[in-house]
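Asker: Got a structure for you, questions after.
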Amino acid sequence: MNIYVLLKRTFDTEEKITLSNGKINEDGAEFIINPYDEYAVEEAIQVRDAQGGEVTVISVGTEEAEKQLRTALAMGADKAVLINIEDDVENGDQFTTAKIIGEYLKGKKADLIIAGNVAIDGGSGQVGPRVAEILEIPYITTITKLDIADGNVSVIRDVEGDSETIEASLPLLVTAQQGLNEPRYPSLPGIMKAKKKPLEELELDDLDLEEDDVEAKTKTIEIYLPAKKEAGKVLSGEIGDQVSELVQLLRSEAKVI
Amino acid sequence: MARKFLVLGEVRDGSLRNVSFEAIGAAKLAAAGGEIVGVLVGDSVQNLGNEMIQYGADRVVAVENDQLKQYTSDGYAQGLLAVIEQEKPEGIFFGHTALGKDLAPKLAGKLESGLISDVTSIEEEGGNIVFTRPIYSGKAFEKKIVTGGVIFATIRPNNIEPLAKDESRSGDVAALSVDIKDLRTIIKDVVRKASEGVDLSEAKVIIAGGRGVKSEDGFEPLKELAQVLGGAVGASRGACDADYCDYSLQIGQTGKVVTPDLYIACGISGAIQHLAGMSNSKVIVAINKDPEANIFNVADYGIVGDLFEVLPLLTEEFRKLKVNA
């Protein structure tokens with residue numbers, strides 16, 4: 001089976017966000033595989049191990065995403081593709097990324113594409129369904145279980161806490177929700193092997209794409225940090241009195257009850 | 001040219017979801033006096049058209065088909081594309097719900113258009129419709145405009161005020177017949193886990209538990225308080241990882257991002273990942289045994305104490321209030 005994983009390099013969830021010159025300050029920040037994409041990598045490896053085939057991990061970004069791609073290879077993916085847009089795209093959006101991935105995957109005969117359901121930085125959750133639309137294949141988002149037998153797929157989809165059992169056939173794109181699996185840590189031999197696994201680097205030219213073809217359909221005009229919350233009021237006294245005071249405050253001061 | 005926006009009315013258990021009324025409110029802000037057309041998609045939804053009009057839609061187009069009894073992206077996309085084709089709107093708004101998140105990118109992709117997800121406010125600036133949305137799970141915000149194609153947006157629940165319901169409003173509710181075919185995903189079964197209580201993303205009040213809840217049973221006092229306040233129960237990653245509750249309750253940078261009117265954090269230490277998911281709530285109450293817990297830094301009100309002692313008292317106080325009200 002020909003399996004592709006869409007992977008994004010994101011800020012570590014531990015990072016505080018600061019701005020410099022109106023942009024997110026990346027200096028000194030730690031980067032990780034988007035946590036939802038980690039589920040996607042793990043699931044792809046499990047499907048390959050059960051069904052045979054090959055797992056290729058794709059990332060659109062800059063040279064620096066190589067580190068996260070190597071991590072995916074160390075987990076057990078077979079190949080990686082980095083589509084480096086550093087020189088060609090200044091302000092991309094989800095249309096841009098989906099268009100590039102879609103163009104790359106056209107003609108690749110992907111049986112299964114797995115992505116995270118959302119990236120924890122931009123948080124838009126658009127790229128998966130947009131890629132499926134470009135490739136004219138069906139998709140199922142936020143899945144927590146994936147079973148494949150004889151080309152028939154059965155998934156469980158999380159819908160705001162409800163579980164839908166959905167049947168579809170390959171080719172298919174799915175996006176991973178928390179609970180799909182427990183992503184493995186790369187083993188030491190895995191890390192050694194990953195260094196020798198193929199990592200192909202491409203640019204827009206290699207995909208016969210012009211900058212105009214991938215021009216964003218949205219534009220960010222401002223980024224700002226939320227107003228810092230002032231430290232609140234920690235109540236004191238007997239617990240019973242504190243509780244009465246809290247209810248009073250919620251009613252008369254905060255006016256939320 | 002007069003502006004025209006479509007709003008999808010999302011139906012759940014036979015009723016329109018509140019976020020759809022908020023999306024009409026959002027479209028009103030964007031349309032700046034232009035026309036708002038409600039869209040209903042389903043097997044029997046036309047009867048809900050009037051309610052959309054009472055909440056501010058000028059008229060409604062309903063696509064009814066047996067194939068649309070359950071949501072599938074293929075089925076709904078065919079229905080909505082037919083409406084978009086007929087109405088040629090400037091933009092189309094959805095709730096930022098499981099359905100909106102699943103469907104909007106497909107349609108925006110099909111129409112090679114810009115989609116702004118998870119919108120928390122809208123304003124009009126110099127002819128542009130400017131959308132504000134959280135990034136990094138609320139650690140920062142961005143303002144965006146759509147520069148290409150139809151203006152797609154999904155509206156986060158609980159952030160944009162719906163218009164007051166006006167039962168004197170009336171308008172046309174028209175059926176549009178669409179041939180729905182070739183559904184490539186088939187829903188075999190739906191297990192409702194969320195049926196008890198209020199949906200987390202739309203809840204006005206959330207009672208959330210962390211490791212301090214100590215066990216699955218430890219969530220009981222949280223559930224009782226949630227019931228009295230008509231709220232929902234949530235959890236931190238710690239509580240989910242410890243198997244005290246289902247991952248669908250998780251609030252944080254992974255998990256749900258919520259903005260209720262009142263968030264009561266019980267036995268939650270306040271890791272930065274959790275704060276990302278809830279710190280934009282309007283009022284935050286923290287209950288924790290540890291006076292040094294980070295959660296107190298974002299809380300409006302804090303009680304240092306054992307949640308198992310505090311919560312029953314709190315529930316009792318609110319009960320009394322309700323009886324007296």
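A note on labels: chains of the structure tokens are A, B, ... as shown, every chain counts residues from 1, and ligands are counted from 1 in their shown order.
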Could you pull out the strand (DSSP E or B) residues of stretch 22-234 of chain B, going by DSSP on the backbone, and write them as a PyMOL selection string?
Answerer: chain B and resi 35-42+59-64+91-95+115-119+121-125+128-135+140-146+151-155+173-175+186-191+205-209+232-234
Asker: Should the cut-off be 7 Å, what would the residue list for chain A against chain B look like, counting only C-alpha atoms, as a PyMOL selection string?
Answerer: chain A and resi 13-14+17+120-124+126+129-130+133+138+141+159-168+179+217-226+229+231-235+239-240+243-244+256
Asker: Show which residues sit within 12 Å of B:Ala203, as a PyMOL selection string. Count only C-alpha atoms, and ignore same-chain residues fewer than 3 positions away.
Answerer: chain B and resi 17-19+156-159+197-200+206-208+226-227+229-234+257-263+281
Asker: Which is closer to A:Glu90 than all the others in A:Val55, A:Gly61, A:Leu112, A:Glu15, using only C-alpha atoms?
Answerer: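 Closest to A:Glu90 of all the choices is A:Gly61.
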Asker: If you count only C-alpha atoms, which residues fall within 9 Å of B:Gly218, apart from same-chain ones fewer than 6 positions away, as a list in words?
Answerer: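 Near neighbours after the sequence-gap exclusion: Gly209, Gly212, Tyr244 and Phe308 of chain B.
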Asker: For those residues, write all heavy atoms to a file as a PDB file, in the first residue's frame.
Answerer:
ATOM      1  N   GLY B 209     -11.928  19.362  35.260  1.00  0.00           N
ATOM      2  CA  GLY B 209     -11.162  18.665  36.287  1.00  0.00           C
ATOM      3  C   GLY B 209      -9.780  18.280  35.793  1.00  0.00           C
ATOM      4  O   GLY B 209      -9.591  17.994  34.610  1.00  0.00           O
ATOM      5  N   GLY B 212      -6.095  16.501  40.061  1.00  0.00           N
ATOM      6  CA  GLY B 212      -6.605  16.584  41.412  1.00  0.00           C
ATOM      7  C   GLY B 212      -7.941  15.885  41.614  1.00  0.00           C
ATOM      8  O   GLY B 212      -8.374  15.652  42.748  1.00  0.00           O
ATOM      9  N   TYR B 244      -9.067   9.148  33.757  1.00  0.00           N
ATOM     10  CA  TYR B 244     -10.222   9.519  34.585  1.00  0.00           C
ATOM     11  C   TYR B 244     -11.426   9.847  33.712  1.00  0.00           C
ATOM     12  O   TYR B 244     -12.549   9.870  34.172  1.00  0.00           O
ATOM     13  CB  TYR B 244      -9.910  10.757  35.444  1.00  0.00           C
ATOM     14  CG  TYR B 244      -8.727  10.624  36.374  1.00  0.00           C
ATOM     15  CD1 TYR B 244      -8.139  11.765  36.915  1.00  0.00           C
ATOM     16  CD2 TYR B 244      -8.211   9.378  36.716  1.00  0.00           C
ATOM     17  CE1 TYR B 244      -7.042  11.668  37.770  1.00  0.00           C
ATOM     18  CE2 TYR B 244      -7.114   9.276  37.563  1.00  0.00           C
ATOM     19  CZ  TYR B 244      -6.540  10.418  38.083  1.00  0.00           C
ATOM     20  OH  TYR B 244      -5.459  10.334  38.913  1.00  0.00           O
ATOM     21  N   PHE B 308     -12.980  18.489  46.662  1.00  0.00           N
ATOM     22  CA  PHE B 308     -14.053  17.604  47.138  1.00  0.00           C
ATOM     23  C   PHE B 308     -14.806  18.221  48.324  1.00  0.00           C
ATOM     24  O   PHE B 308     -15.904  17.809  48.656  1.00  0.00           O
ATOM     25  CB  PHE B 308     -13.493  16.230  47.507  1.00  0.00           C
ATOM     26  CG  PHE B 308     -12.958  15.506  46.314  1.00  0.00           C
ATOM     27  CD1 PHE B 308     -11.593  15.372  46.105  1.00  0.00           C
ATOM     28  CD2 PHE B 308     -13.826  14.995  45.355  1.00  0.00           C
ATOM     29  CE1 PHE B 308     -11.100  14.722  44.981  1.00  0.00           C
ATOM     30  CE2 PHE B 308     -13.350  14.350  44.231  1.00  0.00           C
ATOM     31  CZ  PHE B 308     -11.977  14.223  44.040  1.00  0.00           C
TER      32      PHE B 308
END
Asker: Neighbours of A:Lys79 within 12 Å (only C-alpha atoms; same-chain residues fewer than 4 positions away dropped), as a ChimeraX atom specification?
Answerer: /A:2-5,41,45,53-59,66,69-75,193-201
Asker: Write to file, as a short mmCIF file (atom, residue, chain, number, x, y, z; two decimals), in the first residue's frame, the residues of the selection just made, with C-alpha atoms.
Answerer:
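And here is the file that came out, result-v9.cif:
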data_model
loop_
_atom_site.label_atom_id
_atom_site.label_comp_id
_atom_site.auth_asym_id
_atom_site.auth_seq_id
_atom_site.Cartn_x
_atom_site.Cartn_y
_atom_site.Cartn_z
CA ASN A 2 1.19 3.46 -0.96
CA ILE A 3 0.79 5.62 2.16
CA TYR A 4 1.52 9.33 2.47
CA VAL A 5 1.64 11.39 5.65
CA VAL A 41 2.91 9.05 11.29
CA ILE A 45 3.55 2.88 10.16
CA GLY A 53 3.78 -1.07 1.40
CA GLU A 54 5.63 2.15 1.96
CA VAL A 55 5.20 5.28 4.08
CA THR A 56 6.29 8.62 2.62
CA VAL A 57 6.18 11.70 4.84
CA ILE A 58 5.71 15.08 3.14
CA SER A 59 6.28 18.51 4.58
CA GLU A 66 14.24 18.35 7.79
CA LEU A 69 11.05 14.66 8.82
CA ARG A 70 14.11 12.78 10.12
CA THR A 71 12.23 12.15 13.36
CA ALA A 72 9.35 10.64 11.37
CA LEU A 73 11.87 8.48 9.49
CA ALA A 74 13.35 7.43 12.82
CA MET A 75 9.88 6.42 14.01
CA LYS A 193 18.75 4.19 10.20
CA ALA A 194 16.86 7.43 9.59
CA LYS A 195 20.08 9.19 8.65
CA LYS A 196 20.41 6.95 5.62
CA LYS A 197 16.78 6.93 4.54
CA PRO A 198 15.94 8.97 1.42
CA LEU A 199 14.90 12.58 1.99
CA GLU A 200 14.08 14.31 -1.26
CA GLU A 201 14.06 18.09 -1.41
#
Asker: Which of these residues is nearest to B:Asp58, using only C-alpha atoms: B:Ser15, B:Ser44, B:Thr120, B:Ser170?
Answerer: B:Ser170
